[in-house]
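K.L.:
work.cif is the file, holding mmCIF, C-alpha atoms (C1' of nucleotides):
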```
data_my_file
#
loop_
_atom_site.group_PDB
_atom_site.id
_atom_site.type_symbol
_atom_site.label_atom_id
_atom_site.label_comp_id
_atom_site.auth_asym_id
_atom_site.auth_seq_id
_atom_site.Cartn_x
_atom_site.Cartn_y
_atom_site.Cartn_z
ATOM 1 C CA MET A 1 -44.837 96.746 63.058
ATOM 2 C CA TYR A 2 -45.665 93.343 64.396
ATOM 3 C CA ALA A 3 -48.969 91.538 64.444
ATOM 4 C CA ILE A 4 -50.366 89.927 67.552
ATOM 5 C CA LYS A 5 -50.153 86.185 68.076
ATOM 6 C CA GLU A 6 -53.411 84.539 69.019
ATOM 7 C CA SER A 7 -52.364 80.919 69.347
ATOM 8 C CA SER A 8 -49.305 78.765 69.144
ATOM 9 C CA THR A 9 -48.536 77.787 65.573
ATOM 10 C CA ASN A 10 -45.546 76.067 67.015
ATOM 11 C CA GLN A 11 -47.698 73.674 69.006
ATOM 12 C CA LEU A 12 -50.034 73.351 66.053
ATOM 13 C CA ASN A 13 -47.286 72.503 63.610
ATOM 14 C CA LYS A 14 -45.858 70.038 66.061
ATOM 15 C CA ASN A 15 -49.152 68.233 66.361
ATOM 16 C CA ILE A 16 -49.702 68.183 62.623
ATOM 17 C CA ALA A 17 -46.282 66.651 62.151
ATOM 18 C CA ILE A 18 -46.755 64.121 64.930
ATOM 19 C CA ASN A 19 -50.178 63.059 63.749
ATOM 20 C CA LYS A 20 -49.322 62.770 60.107
ATOM 21 C CA CYS A 21 -45.868 61.312 60.208
ATOM 22 C CA PRO A 22 -44.648 58.241 62.034
ATOM 23 C CA VAL A 23 -41.023 59.367 61.881
ATOM 24 C CA THR A 24 -41.880 62.613 63.642
ATOM 25 C CA TYR A 25 -44.077 60.721 66.051
ATOM 26 C CA THR A 26 -41.208 58.473 67.031
ATOM 27 C CA LEU A 27 -38.880 61.417 67.347
ATOM 28 C CA SER A 28 -41.360 63.147 69.619
ATOM 29 C CA LYS A 29 -41.111 60.229 72.013
ATOM 30 C CA ILE A 30 -37.360 59.776 72.115
ATOM 31 C CA GLY A 31 -36.174 63.264 71.196
ATOM 32 C CA GLY A 32 -34.767 65.885 73.506
ATOM 33 C CA ARG A 33 -31.490 65.868 75.347
ATOM 34 C CA TRP A 34 -31.901 62.853 77.592
ATOM 35 C CA LYS A 35 -34.637 60.419 76.652
ATOM 36 C CA ALA A 36 -32.790 58.329 74.100
ATOM 37 C CA LEU A 37 -29.890 58.142 76.487
ATOM 38 C CA ILE A 38 -32.051 56.914 79.347
ATOM 39 C CA LEU A 39 -33.694 54.340 77.133
ATOM 40 C CA TYR A 40 -30.297 53.235 75.928
ATOM 41 C CA HIS A 41 -29.219 52.622 79.486
ATOM 42 C CA LEU A 42 -32.357 50.663 80.224
ATOM 43 C CA ILE A 43 -31.576 48.257 77.402
ATOM 44 C CA GLY A 44 -29.123 46.730 79.856
ATOM 45 C CA GLY A 45 -32.046 45.768 82.058
ATOM 46 C CA THR A 46 -33.884 47.128 85.075
ATOM 47 C CA ARG A 47 -32.245 50.088 86.762
ATOM 48 C CA ARG A 48 -33.000 51.902 89.965
ATOM 49 C CA TYR A 49 -33.458 55.657 89.971
ATOM 50 C CA GLY A 50 -30.152 56.114 91.744
ATOM 51 C CA GLU A 51 -28.346 53.853 89.305
ATOM 52 C CA LEU A 52 -29.519 55.939 86.387
ATOM 53 C CA LYS A 53 -28.441 59.066 88.206
ATOM 54 C CA LYS A 54 -24.995 57.621 88.686
ATOM 55 C CA ALA A 55 -24.765 56.449 85.082
ATOM 56 C CA LEU A 56 -25.683 59.928 83.825
ATOM 57 C CA PRO A 57 -23.746 62.339 86.030
ATOM 58 C CA ALA A 58 -24.468 65.306 83.785
ATOM 59 C CA ILE A 59 -28.230 65.075 84.034
ATOM 60 C CA THR A 60 -29.984 67.063 86.729
ATOM 61 C CA GLU A 61 -32.462 65.322 88.989
ATOM 62 C CA LYS A 62 -35.224 67.468 87.602
ATOM 63 C CA MET A 63 -34.539 66.384 84.028
ATOM 64 C CA LEU A 64 -34.103 62.773 85.047
ATOM 65 C CA ILE A 65 -37.441 62.416 86.794
ATOM 66 C CA GLN A 66 -39.157 64.617 84.227
ATOM 67 C CA SER A 67 -37.871 62.417 81.414
ATOM 68 C CA LEU A 68 -38.698 59.221 83.254
ATOM 69 C CA LYS A 69 -42.195 60.472 83.960
ATOM 70 C CA GLU A 70 -42.817 61.312 80.335
ATOM 71 C CA LEU A 71 -41.392 57.986 79.211
ATOM 72 C CA GLU A 72 -43.689 56.274 81.692
ATOM 73 C CA MET A 73 -46.712 58.203 80.449
ATOM 74 C CA ASP A 74 -45.797 57.293 76.902
ATOM 75 C CA GLN A 75 -45.588 53.675 78.052
ATOM 76 C CA LEU A 76 -42.009 53.206 77.016
ATOM 77 C CA VAL A 77 -40.764 52.446 80.507
ATOM 78 C CA HIS A 78 -42.384 50.778 83.447
ATOM 79 C CA ARG A 79 -41.962 52.094 86.965
ATOM 80 C CA GLU A 80 -42.009 49.796 89.934
ATOM 81 C CA VAL A 81 -42.108 50.917 93.529
ATOM 82 C CA LYS A 82 -41.249 48.726 96.456
ATOM 83 C CA PRO A 83 -42.996 50.222 99.471
ATOM 84 C CA VAL A 84 -39.993 50.235 101.723
ATOM 85 C CA VAL A 85 -38.029 52.972 103.320
ATOM 86 C CA PRO A 86 -35.759 54.375 102.111
ATOM 87 C CA PRO A 87 -37.747 54.126 98.862
ATOM 88 C CA HIS A 88 -36.827 51.613 96.199
ATOM 89 C CA VAL A 89 -37.960 52.517 92.692
ATOM 90 C CA SER A 90 -36.863 50.759 89.569
ATOM 91 C CA TYR A 91 -37.440 51.305 85.893
ATOM 92 C CA ASN A 92 -37.438 48.955 82.966
ATOM 93 C CA LEU A 93 -38.475 48.980 79.332
ATOM 94 C CA THR A 94 -41.989 48.051 78.306
ATOM 95 C CA GLU A 95 -42.647 46.111 75.146
ATOM 96 C CA ALA A 96 -42.887 49.313 73.115
ATOM 97 C CA GLY A 97 -39.714 50.550 74.760
ATOM 98 C CA ASN A 98 -37.935 47.370 73.901
ATOM 99 C CA ALA A 99 -39.033 47.709 70.322
ATOM 100 C CA LEU A 100 -36.985 50.898 70.155
ATOM 101 C CA GLN A 101 -33.814 48.932 70.735
ATOM 102 C CA PRO A 102 -32.951 48.477 67.038
ATOM 103 C CA ILE A 103 -33.355 52.203 66.489
ATOM 104 C CA LEU A 104 -31.179 53.083 69.448
ATOM 105 C CA MET A 105 -28.537 50.578 68.405
ATOM 106 C CA ALA A 106 -28.594 51.848 64.832
ATOM 107 C CA MET A 107 -28.206 55.394 66.086
ATOM 108 C CA ALA A 108 -25.266 54.381 68.230
ATOM 109 C CA ALA A 109 -23.681 52.583 65.287
ATOM 110 C CA TRP A 110 -24.114 55.543 62.994
ATOM 111 C CA GLY A 111 -22.711 57.891 65.598
ATOM 112 C CA ILE A 112 -19.695 55.674 66.103
ATOM 113 C CA GLU A 113 -19.062 55.509 62.391
ATOM 114 C CA TYR A 114 -19.582 59.130 61.450
ATOM 115 C CA ALA A 115 -18.510 61.069 64.521
ATOM 116 C CA ASN A 116 -15.438 61.322 66.640
ATOM 117 C CA THR A 117 -17.113 60.691 69.936
ATOM 118 C CA GLU A 118 -14.724 60.267 72.800
ATOM 119 C CA ASP A 119 -15.958 56.837 73.733
ATOM 120 C CA PRO A 120 -16.103 54.620 70.678
ATOM 121 C CA SER A 121 -17.625 51.762 72.660
ATOM 122 C CA GLY A 122 -20.997 53.461 72.431
ATOM 123 C CA ARG A 123 -21.668 52.870 76.100
ATOM 124 C CA CYS A 124 -22.821 56.443 76.584
ATOM 125 C CA MET A 125 -21.356 56.977 80.030
ATOM 126 C CA ILE A 126 -22.173 60.628 80.294
ATOM 127 C CA MET B 1 -32.761 84.808 95.850
ATOM 128 C CA TYR B 2 -31.128 83.676 92.690
ATOM 129 C CA ALA B 3 -27.469 83.377 91.893
ATOM 130 C CA ILE B 4 -25.973 84.886 88.789
ATOM 131 C CA LYS B 5 -25.348 82.774 85.750
ATOM 132 C CA GLU B 6 -21.917 83.065 84.248
ATOM 133 C CA SER B 7 -22.043 80.647 81.334
ATOM 134 C CA SER B 8 -24.410 78.323 79.562
ATOM 135 C CA THR B 9 -24.563 74.977 81.320
ATOM 136 C CA ASN B 10 -27.175 74.118 78.784
ATOM 137 C CA GLN B 11 -24.710 74.417 75.930
ATOM 138 C CA LEU B 12 -22.057 72.715 78.032
ATOM 139 C CA ASN B 13 -24.236 69.744 78.880
ATOM 140 C CA LYS B 14 -25.267 69.436 75.289
ATOM 141 C CA ASN B 15 -21.672 69.273 74.154
ATOM 142 C CA ILE B 16 -20.725 66.781 76.836
ATOM 143 C CA ALA B 17 -23.555 64.546 75.749
ATOM 144 C CA ILE B 18 -22.740 64.887 72.067
ATOM 145 C CA ASN B 19 -19.040 64.269 72.512
ATOM 146 C CA LYS B 20 -19.362 61.322 74.810
ATOM 147 C CA CYS B 21 -22.306 59.498 73.377
ATOM 148 C CA PRO B 22 -22.899 58.381 69.807
ATOM 149 C CA VAL B 23 -26.656 58.082 70.341
ATOM 150 C CA THR B 24 -26.869 61.705 71.408
ATOM 151 C CA TYR B 25 -24.531 62.684 68.613
ATOM 152 C CA THR B 26 -26.823 61.098 66.055
ATOM 153 C CA LEU B 27 -29.867 62.684 67.623
ATOM 154 C CA SER B 28 -28.182 66.069 67.475
ATOM 155 C CA LYS B 29 -27.907 65.711 63.714
ATOM 156 C CA ILE B 30 -31.409 64.493 62.923
ATOM 157 C CA GLY B 31 -33.362 65.899 65.883
ATOM 158 C CA GLY B 32 -35.615 68.917 65.891
ATOM 159 C CA ARG B 33 -38.948 69.339 64.208
ATOM 160 C CA TRP B 34 -38.014 68.965 60.558
ATOM 161 C CA LYS B 35 -34.654 67.401 59.826
ATOM 162 C CA ALA B 36 -35.611 63.742 60.009
ATOM 163 C CA LEU B 37 -38.591 64.531 57.855
ATOM 164 C CA ILE B 38 -36.514 66.256 55.209
ATOM 165 C CA LEU B 39 -34.019 63.408 55.175
ATOM 166 C CA TYR B 40 -36.861 60.957 54.909
ATOM 167 C CA HIS B 41 -38.133 62.749 51.817
ATOM 168 C CA LEU B 42 -34.691 62.766 50.281
ATOM 169 C CA ILE B 43 -34.506 58.994 50.535
ATOM 170 C CA GLY B 44 -36.712 59.024 47.457
ATOM 171 C CA GLY B 45 -33.913 60.688 45.526
ATOM 172 C CA THR B 46 -32.800 64.159 44.534
ATOM 173 C CA ARG B 47 -35.334 66.883 45.212
ATOM 174 C CA ARG B 48 -35.437 70.536 44.292
ATOM 175 C CA TYR B 49 -35.975 73.175 46.924
ATOM 176 C CA GLY B 50 -39.453 73.861 45.640
ATOM 177 C CA GLU B 51 -40.342 70.190 45.585
ATOM 178 C CA LEU B 52 -39.439 69.851 49.235
ATOM 179 C CA LYS B 53 -41.488 72.928 50.000
ATOM 180 C CA LYS B 54 -44.478 71.408 48.282
ATOM 181 C CA ALA B 55 -44.003 68.064 50.016
ATOM 182 C CA LEU B 56 -43.910 69.741 53.424
ATOM 183 C CA PRO B 57 -46.621 72.388 53.315
ATOM 184 C CA ALA B 58 -46.462 73.015 57.068
ATOM 185 C CA ILE B 59 -42.811 73.992 57.136
ATOM 186 C CA THR B 60 -41.937 77.668 56.805
ATOM 187 C CA GLU B 61 -39.339 78.699 54.258
ATOM 188 C CA LYS B 62 -37.085 79.862 57.029
ATOM 189 C CA MET B 63 -37.087 76.482 58.727
ATOM 190 C CA LEU B 64 -36.677 74.658 55.446
ATOM 191 C CA ILE B 65 -33.558 76.484 54.324
ATOM 192 C CA GLN B 66 -32.204 76.620 57.857
ATOM 193 C CA SER B 67 -32.571 72.863 58.199
ATOM 194 C CA LEU B 68 -31.143 72.233 54.757
ATOM 195 C CA LYS B 69 -28.190 74.474 55.529
ATOM 196 C CA GLU B 70 -27.420 72.654 58.747
ATOM 197 C CA LEU B 71 -27.805 69.289 57.079
ATOM 198 C CA GLU B 72 -25.424 70.461 54.390
ATOM 199 C CA MET B 73 -22.873 71.674 56.949
ATOM 200 C CA ASP B 74 -23.151 68.342 58.734
ATOM 201 C CA GLN B 75 -22.544 66.687 55.387
ATOM 202 C CA LEU B 76 -25.745 64.715 55.382
ATOM 203 C CA VAL B 77 -27.096 66.334 52.245
ATOM 204 C CA HIS B 78 -25.422 67.680 49.184
ATOM 205 C CA ARG B 79 -26.552 70.899 47.553
ATOM 206 C CA GLU B 80 -26.229 71.425 43.861
ATOM 207 C CA VAL B 81 -26.805 74.709 42.085
ATOM 208 C CA LYS B 82 -27.384 75.055 38.383
ATOM 209 C CA PRO B 83 -26.402 78.607 37.453
ATOM 210 C CA VAL B 84 -29.537 79.385 35.536
ATOM 211 C CA VAL B 85 -32.304 81.832 36.070
ATOM 212 C CA PRO B 86 -34.719 81.345 37.664
ATOM 213 C CA PRO B 87 -32.411 79.456 40.039
ATOM 214 C CA HIS B 88 -32.347 75.686 40.083
ATOM 215 C CA VAL B 89 -31.110 74.140 43.331
ATOM 216 C CA SER B 90 -31.366 70.492 44.212
ATOM 217 C CA TYR B 91 -30.570 68.452 47.233
ATOM 218 C CA ASN B 92 -29.652 64.819 47.701
ATOM 219 C CA LEU B 93 -28.279 62.602 50.405
ATOM 220 C CA THR B 94 -24.564 62.147 50.888
ATOM 221 C CA GLU B 95 -23.104 58.815 51.860
ATOM 222 C CA ALA B 96 -23.470 59.616 55.566
ATOM 223 C CA GLY B 97 -27.002 60.777 54.912
ATOM 224 C CA ASN B 98 -27.801 57.597 53.106
ATOM 225 C CA ALA B 99 -26.441 55.608 56.008
ATOM 226 C CA LEU B 100 -29.222 57.112 58.118
ATOM 227 C CA GLN B 101 -31.806 55.391 56.011
ATOM 228 C CA PRO B 102 -32.126 52.275 58.207
ATOM 229 C CA ILE B 103 -32.651 54.499 61.247
ATOM 230 C CA LEU B 104 -35.289 56.583 59.515
ATOM 231 C CA MET B 105 -37.050 53.489 58.239
ATOM 232 C CA ALA B 106 -36.934 51.878 61.666
ATOM 233 C CA MET B 107 -38.363 55.032 63.208
ATOM 234 C CA ALA B 108 -41.155 55.073 60.650
ATOM 235 C CA ALA B 109 -41.881 51.397 61.310
ATOM 236 C CA TRP B 110 -41.987 51.908 65.062
ATOM 237 C CA GLY B 111 -44.239 54.941 64.683
ATOM 238 C CA ILE B 112 -46.616 53.018 62.452
ATOM 239 C CA GLU B 113 -46.779 50.161 64.915
ATOM 240 C CA TYR B 114 -47.120 52.072 68.158
ATOM 241 C CA ALA B 115 -48.995 55.231 67.207
ATOM 242 C CA ASN B 116 -52.229 56.061 65.501
ATOM 243 C CA THR B 117 -50.814 58.382 62.913
ATOM 244 C CA GLU B 118 -53.292 59.458 60.303
ATOM 245 C CA ASP B 119 -51.294 58.112 57.413
ATOM 246 C CA PRO B 120 -50.270 54.545 58.077
ATOM 247 C CA SER B 121 -48.272 54.381 54.871
ATOM 248 C CA GLY B 122 -45.438 56.266 56.544
ATOM 249 C CA ARG B 123 -45.082 58.608 53.610
ATOM 250 C CA CYS B 124 -44.924 61.632 55.870
ATOM 251 C CA MET B 125 -46.879 63.976 53.651
ATOM 252 C CA ILE B 126 -47.085 66.855 56.054
ATOM 253 C "C1'" DT C 1 -32.339 63.549 118.516
ATOM 254 C "C1'" DC C 2 -29.645 63.967 114.611
ATOM 255 C "C1'" DG C 3 -27.798 62.722 110.226
ATOM 256 C "C1'" DA C 4 -27.789 59.657 106.290
ATOM 257 C "C1'" DA C 5 -30.045 57.464 102.502
ATOM 258 C "C1'" DT C 6 -33.589 57.438 98.679
ATOM 259 C "C1'" DA C 7 -36.661 59.308 95.415
ATOM 260 C "C1'" DC C 8 -38.751 62.789 94.316
ATOM 261 C "C1'" DA C 9 -41.528 68.115 93.994
ATOM 262 C "C1'" DT C 10 -41.777 72.994 93.018
ATOM 263 C "C1'" DA C 11 -40.921 77.764 91.924
ATOM 264 C "C1'" DC C 12 -38.274 80.324 89.111
ATOM 265 C "C1'" DT C 13 -34.913 81.647 85.290
ATOM 266 C "C1'" DT C 14 -32.087 81.109 81.168
ATOM 267 C "C1'" DT C 15 -31.200 79.258 76.651
ATOM 268 C "C1'" DT C 16 -32.644 77.367 72.471
ATOM 269 C "C1'" DT C 17 -35.855 76.474 68.925
ATOM 270 C "C1'" DG C 18 -39.255 77.692 65.916
ATOM 271 C "C1'" DG C 19 -42.477 81.109 63.637
ATOM 272 C "C1'" DT C 20 -43.710 85.950 61.449
ATOM 273 C "C1'" DT C 21 -43.013 89.386 58.285
ATOM 274 C "C1'" DA C 22 -40.919 91.548 54.812
ATOM 275 C "C1'" DG C 23 -37.548 91.932 51.328
ATOM 276 C "C1'" DT C 24 -33.638 90.554 47.566
ATOM 277 C "C1'" DA C 25 -31.794 89.108 42.767
ATOM 278 C "C1'" DC C 26 -32.198 87.844 38.174
ATOM 279 C "C1'" DT C 27 -34.502 86.791 33.837
ATOM 280 C "C1'" DT C 28 -38.385 85.573 30.878
ATOM 281 C "C1'" DG C 29 -42.963 86.357 29.162
ATOM 282 C "C1'" DT C 30 -46.717 89.885 28.152
ATOM 283 C "C1'" DA D 1 -42.839 98.516 32.116
ATOM 284 C "C1'" DC D 2 -44.337 95.109 35.025
ATOM 285 C "C1'" DA D 3 -45.659 90.684 37.016
ATOM 286 C "C1'" DA D 4 -44.212 85.911 37.764
ATOM 287 C "C1'" DG D 5 -41.139 82.357 39.082
ATOM 288 C "C1'" DT D 6 -37.217 80.527 42.035
ATOM 289 C "C1'" DA D 7 -34.403 80.260 45.944
ATOM 290 C "C1'" DC D 8 -33.234 82.444 49.333
ATOM 291 C "C1'" DT D 9 -31.919 86.413 53.645
ATOM 292 C "C1'" DA D 10 -32.574 88.942 57.862
ATOM 293 C "C1'" DA D 11 -34.670 91.299 61.802
ATOM 294 C "C1'" DC D 12 -37.620 90.353 65.229
ATOM 295 C "C1'" DC D 13 -40.438 87.777 68.712
ATOM 296 C "C1'" DA D 14 -42.992 83.847 71.198
ATOM 297 C "C1'" DA D 15 -42.920 79.404 73.051
ATOM 298 C "C1'" DA D 16 -40.722 75.332 74.597
ATOM 299 C "C1'" DA D 17 -36.909 72.967 76.679
ATOM 300 C "C1'" DA D 18 -33.434 72.737 79.987
ATOM 301 C "C1'" DG D 19 -31.086 74.306 84.293
ATOM 302 C "C1'" DT D 20 -30.833 76.278 89.410
ATOM 303 C "C1'" DA D 21 -31.918 76.218 94.014
ATOM 304 C "C1'" DT D 22 -34.271 74.570 97.616
ATOM 305 C "C1'" DG D 23 -37.444 71.615 100.070
ATOM 306 C "C1'" DT D 24 -40.178 67.118 101.257
ATOM 307 C "C1'" DA D 25 -41.137 62.304 103.544
ATOM 308 C "C1'" DT D 26 -39.754 58.246 105.949
ATOM 309 C "C1'" DT D 27 -37.064 55.221 108.852
ATOM 310 C "C1'" DC D 28 -32.909 53.282 110.516
ATOM 311 C "C1'" DG D 29 -28.727 53.495 113.052
ATOM 312 C "C1'" DA D 30 -25.593 56.078 116.118
#
```
Just give me the structure as structure tokens.
P.N.:
Amino acid sequence: MYAIKESSTNQLNKNIAINKCPVTYTLSKIGGRWKALILYHLIGGTRRYGELKKALPAITEKMLIQSLKELEMDQLVHREVKPVVPPHVSYNLTEAGNALQPILMAMAAWGIEYANTEDPSGRCMI
Amino acid sequence: MYAIKESSTNQLNKNIAINKCPVTYTLSKIGGRWKALILYHLIGGTRRYGELKKALPAITEKMLIQSLKELEMDQLVHREVKPVVPPHVSYNLTEAGNALQPILMAMAAWGIEYANTEDPSGRCMI
DNA sequence: TCGAATACATACTTTTTGGTTAGTACTTGT
DNA sequence: ACAAGTACTAACCAAAAAGTATGTATTCGA
């Protein structure tokens, strides 16, 4: 027989880990399928929403805006809207976002060295 | 109305990302709730199963061995069994695992700088 | 007046990840 | 004979993450 769950230990454990450990904290900000990738693309400089979409053909629009929104809330990217029509929205790294660059580069380097990724340039054109 | 799903785009997308992008590849190896943390603890040197368990009180045994197993399969940690009883199993980083050290350290440093984690030493005693 | 272009929003479903509970094997100490 | 210690294993389930499909607003140019 199975006992009843009263609250999410999953969520609880997550928060414990995030609050007590900087490594987990960092991972919570750049983890998931797409965030690191988006950040990596923004290292190149400001990008419009549509440019990101083109650079990441495999991502769905939902995941792209969802990720961008979370990154914005976490103050890793900055969103700028030009009030024109059709809309013109661009994204670029904040200071904290920029500070992730060494991590992202190190991850790319490690991946290039220890994996057989198809594109050894590390440009991440997914 | 909803169309029928014939195969996992989720899995597909994941594999595309992993195969084409070294950043995503790296993340796929150290992502998730516990792996980075375990690796981080192994930086200190060889640890027994029970030592890891004690160091990470919040992790369940299932997640600990599951993570260790995956890390072993990915050749990031090496598992050594002494055929005694009670069993004596220890884990340590492989060369590839060791090469992750700069990334882990950089993640810890970023977390310490940009978060208010409870333990600013970065020791990750969860 | 209709379509194209841009940047989203929302409701819903599937897939994956993580947690719960209970049990195993083997030997030493009491 | 039985508990304790060590390192697991497996069946089951809940919660989170990711994907699908469809719809919105605005204005310009044809």
K.L.:
Got a sec: who's within 8 Å of stretch 58-73 of chain A, counting all atoms listed in the file, leaving out chain neighbours fewer than 6 positions off, as a PDB file with C-alpha atoms (C1' of nucleotides), in the frame of the given file?
P.N.:
```pdb
ATOM      1  CA  LYS A  29     -41.111  60.229  72.013  1.00  0.00           C
ATOM      2  CA  TRP A  34     -31.901  62.853  77.592  1.00  0.00           C
ATOM      3  CA  LYS A  35     -34.637  60.419  76.652  1.00  0.00           C
ATOM      4  CA  ARG A  79     -41.962  52.094  86.965  1.00  0.00           C
ATOM      5  CA  ILE A 126     -22.173  60.628  80.294  1.00  0.00           C
TER       6      ILE A 126
ATOM      7  CA  ASN B  13     -24.236  69.744  78.880  1.00  0.00           C
TER       8      ASN B  13
ATOM      9  C1'  DC C   8     -38.751  62.789  94.316  1.00  0.00           C
TER      10       DC C   8
ATOM     11  C1'  DA D  18     -33.434  72.737  79.987  1.00  0.00           C
ATOM     12  C1'  DG D  19     -31.086  74.306  84.293  1.00  0.00           C
TER      13       DG D  19
END
```
K.L.:
Assuming the chain letters and numbering stay as they are in my file, what does the PyMOL selection byres ((chain B) within 9 of (chain A)) actually select? List them as a PyMOL selection string.
P.N.:
chain B and resi 13-14+16-28+31-34+36-37+40+58-59+96+99-100+102-126
K.L.:
Selection from above, C-alpha atoms, as an mmCIF file, in the coordinates of the input, can you write it?
P.N.:
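That gives us selection10.cif:
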```
data_model
loop_
_atom_site.group_PDB
_atom_site.id
_atom_site.type_symbol
_atom_site.label_atom_id
_atom_site.label_comp_id
_atom_site.auth_asym_id
_atom_site.auth_seq_id
_atom_site.Cartn_x
_atom_site.Cartn_y
_atom_site.Cartn_z
ATOM 1 C CA ASN B 13 -24.236 69.744 78.880
ATOM 2 C CA LYS B 14 -25.267 69.436 75.289
ATOM 3 C CA ILE B 16 -20.725 66.781 76.836
ATOM 4 C CA ALA B 17 -23.555 64.546 75.749
ATOM 5 C CA ILE B 18 -22.740 64.887 72.067
ATOM 6 C CA ASN B 19 -19.040 64.269 72.512
ATOM 7 C CA LYS B 20 -19.362 61.322 74.810
ATOM 8 C CA CYS B 21 -22.306 59.498 73.377
ATOM 9 C CA PRO B 22 -22.899 58.381 69.807
ATOM 10 C CA VAL B 23 -26.656 58.082 70.341
ATOM 11 C CA THR B 24 -26.869 61.705 71.408
ATOM 12 C CA TYR B 25 -24.531 62.684 68.613
ATOM 13 C CA THR B 26 -26.823 61.098 66.055
ATOM 14 C CA LEU B 27 -29.867 62.684 67.623
ATOM 15 C CA SER B 28 -28.182 66.069 67.475
ATOM 16 C CA GLY B 31 -33.362 65.899 65.883
ATOM 17 C CA GLY B 32 -35.615 68.917 65.891
ATOM 18 C CA ARG B 33 -38.948 69.339 64.208
ATOM 19 C CA TRP B 34 -38.014 68.965 60.558
ATOM 20 C CA ALA B 36 -35.611 63.742 60.009
ATOM 21 C CA LEU B 37 -38.591 64.531 57.855
ATOM 22 C CA TYR B 40 -36.861 60.957 54.909
ATOM 23 C CA ALA B 58 -46.462 73.015 57.068
ATOM 24 C CA ILE B 59 -42.811 73.992 57.136
ATOM 25 C CA ALA B 96 -23.470 59.616 55.566
ATOM 26 C CA ALA B 99 -26.441 55.608 56.008
ATOM 27 C CA LEU B 100 -29.222 57.112 58.118
ATOM 28 C CA PRO B 102 -32.126 52.275 58.207
ATOM 29 C CA ILE B 103 -32.651 54.499 61.247
ATOM 30 C CA LEU B 104 -35.289 56.583 59.515
ATOM 31 C CA MET B 105 -37.050 53.489 58.239
ATOM 32 C CA ALA B 106 -36.934 51.878 61.666
ATOM 33 C CA MET B 107 -38.363 55.032 63.208
ATOM 34 C CA ALA B 108 -41.155 55.073 60.650
ATOM 35 C CA ALA B 109 -41.881 51.397 61.310
ATOM 36 C CA TRP B 110 -41.987 51.908 65.062
ATOM 37 C CA GLY B 111 -44.239 54.941 64.683
ATOM 38 C CA ILE B 112 -46.616 53.018 62.452
ATOM 39 C CA GLU B 113 -46.779 50.161 64.915
ATOM 40 C CA TYR B 114 -47.120 52.072 68.158
ATOM 41 C CA ALA B 115 -48.995 55.231 67.207
ATOM 42 C CA ASN B 116 -52.229 56.061 65.501
ATOM 43 C CA THR B 117 -50.814 58.382 62.913
ATOM 44 C CA GLU B 118 -53.292 59.458 60.303
ATOM 45 C CA ASP B 119 -51.294 58.112 57.413
ATOM 46 C CA PRO B 120 -50.270 54.545 58.077
ATOM 47 C CA SER B 121 -48.272 54.381 54.871
ATOM 48 C CA GLY B 122 -45.438 56.266 56.544
ATOM 49 C CA ARG B 123 -45.082 58.608 53.610
ATOM 50 C CA CYS B 124 -44.924 61.632 55.870
ATOM 51 C CA MET B 125 -46.879 63.976 53.651
ATOM 52 C CA ILE B 126 -47.085 66.855 56.054
#
```
K.L.:
Can you pull out every residue within 12 Å of C:DA25, counting all atoms listed in the file, but drop anything in the same chain fewer than 2 positions away, and send it as a list of chain:residue names?
P.N.:
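Non-adjacent residues within range: B:Val85, B:Pro86, B:Pro87, C:DG23, C:DT27, D:DT6, D:DA7, D:DC8, D:DT9.
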K.L.:
If the box runs along x, y and z of the file and leaves 3 Å on each side of stretch 10-24 of chain D, what are its centre and edge lengths in Å, one decimal, as AutoDock Vina command-line options?
P.N.:
```
--center_x -36.9 --center_y 79.2 --center_z 79.6 --size_x 18.2 --size_y 30.2 --size_z 49.4
```
K.L.:
Using all atoms listed in the file, I'd like every residue of chain C that has an atom within 8 Å of chain B; please write them out as a PDB file with C-alpha atoms (C1' of nucleotides), in the frame of the given file.
P.N.:
```pdb
ATOM      1  C1'  DT C  15     -31.200  79.258  76.651  1.00  0.00           C
ATOM      2  C1'  DG C  18     -39.255  77.692  65.916  1.00  0.00           C
ATOM      3  C1'  DG C  19     -42.477  81.109  63.637  1.00  0.00           C
ATOM      4  C1'  DC C  26     -32.198  87.844  38.174  1.00  0.00           C
ATOM      5  C1'  DT C  27     -34.502  86.791  33.837  1.00  0.00           C
TER       6       DT C  27
END
```
K.L.:
Using all atoms listed in the file, what does the table of chain D residues within 12 Å of chain A look like, with each row giving the shortest atom pair and its distance in Å to one decimal, sorted by chain and ascending number, as JSON lines?
P.N.:
```
{"residue": "D:DA11", "atom": "C1'", "partner": "A:Tyr2", "partner_atom": "CA", "distance": 11.5}
{"residue": "D:DC12", "atom": "C1'", "partner": "A:Tyr2", "partner_atom": "CA", "distance": 8.6}
{"residue": "D:DC13", "atom": "C1'", "partner": "A:Tyr2", "partner_atom": "CA", "distance": 8.8}
{"residue": "D:DA14", "atom": "C1'", "partner": "A:Lys5", "partner_atom": "CA", "distance": 8.2}
{"residue": "D:DA15", "atom": "C1'", "partner": "A:Asn10", "partner_atom": "CA", "distance": 7.4}
{"residue": "D:DA16", "atom": "C1'", "partner": "A:Asn10", "partner_atom": "CA", "distance": 9.0}
{"residue": "D:DA17", "atom": "C1'", "partner": "A:Gly32", "partner_atom": "CA", "distance": 8.1}
{"residue": "D:DA18", "atom": "C1'", "partner": "A:Met63", "partner_atom": "CA", "distance": 7.6}
{"residue": "D:DG19", "atom": "C1'", "partner": "A:Thr60", "partner_atom": "CA", "distance": 7.7}
{"residue": "D:DT20", "atom": "C1'", "partner": "A:Thr60", "partner_atom": "CA", "distance": 9.6}
{"residue": "D:DA21", "atom": "C1'", "partner": "A:Lys62", "partner_atom": "CA", "distance": 11.3}
{"residue": "D:DA25", "atom": "C1'", "partner": "A:Pro86", "partner_atom": "CA", "distance": 9.7}
{"residue": "D:DT26", "atom": "C1'", "partner": "A:Val85", "partner_atom": "CA", "distance": 6.1}
{"residue": "D:DT27", "atom": "C1'", "partner": "A:Val85", "partner_atom": "CA", "distance": 6.0}
{"residue": "D:DC28", "atom": "C1'", "partner": "A:Val85", "partner_atom": "CA", "distance": 8.8}
```
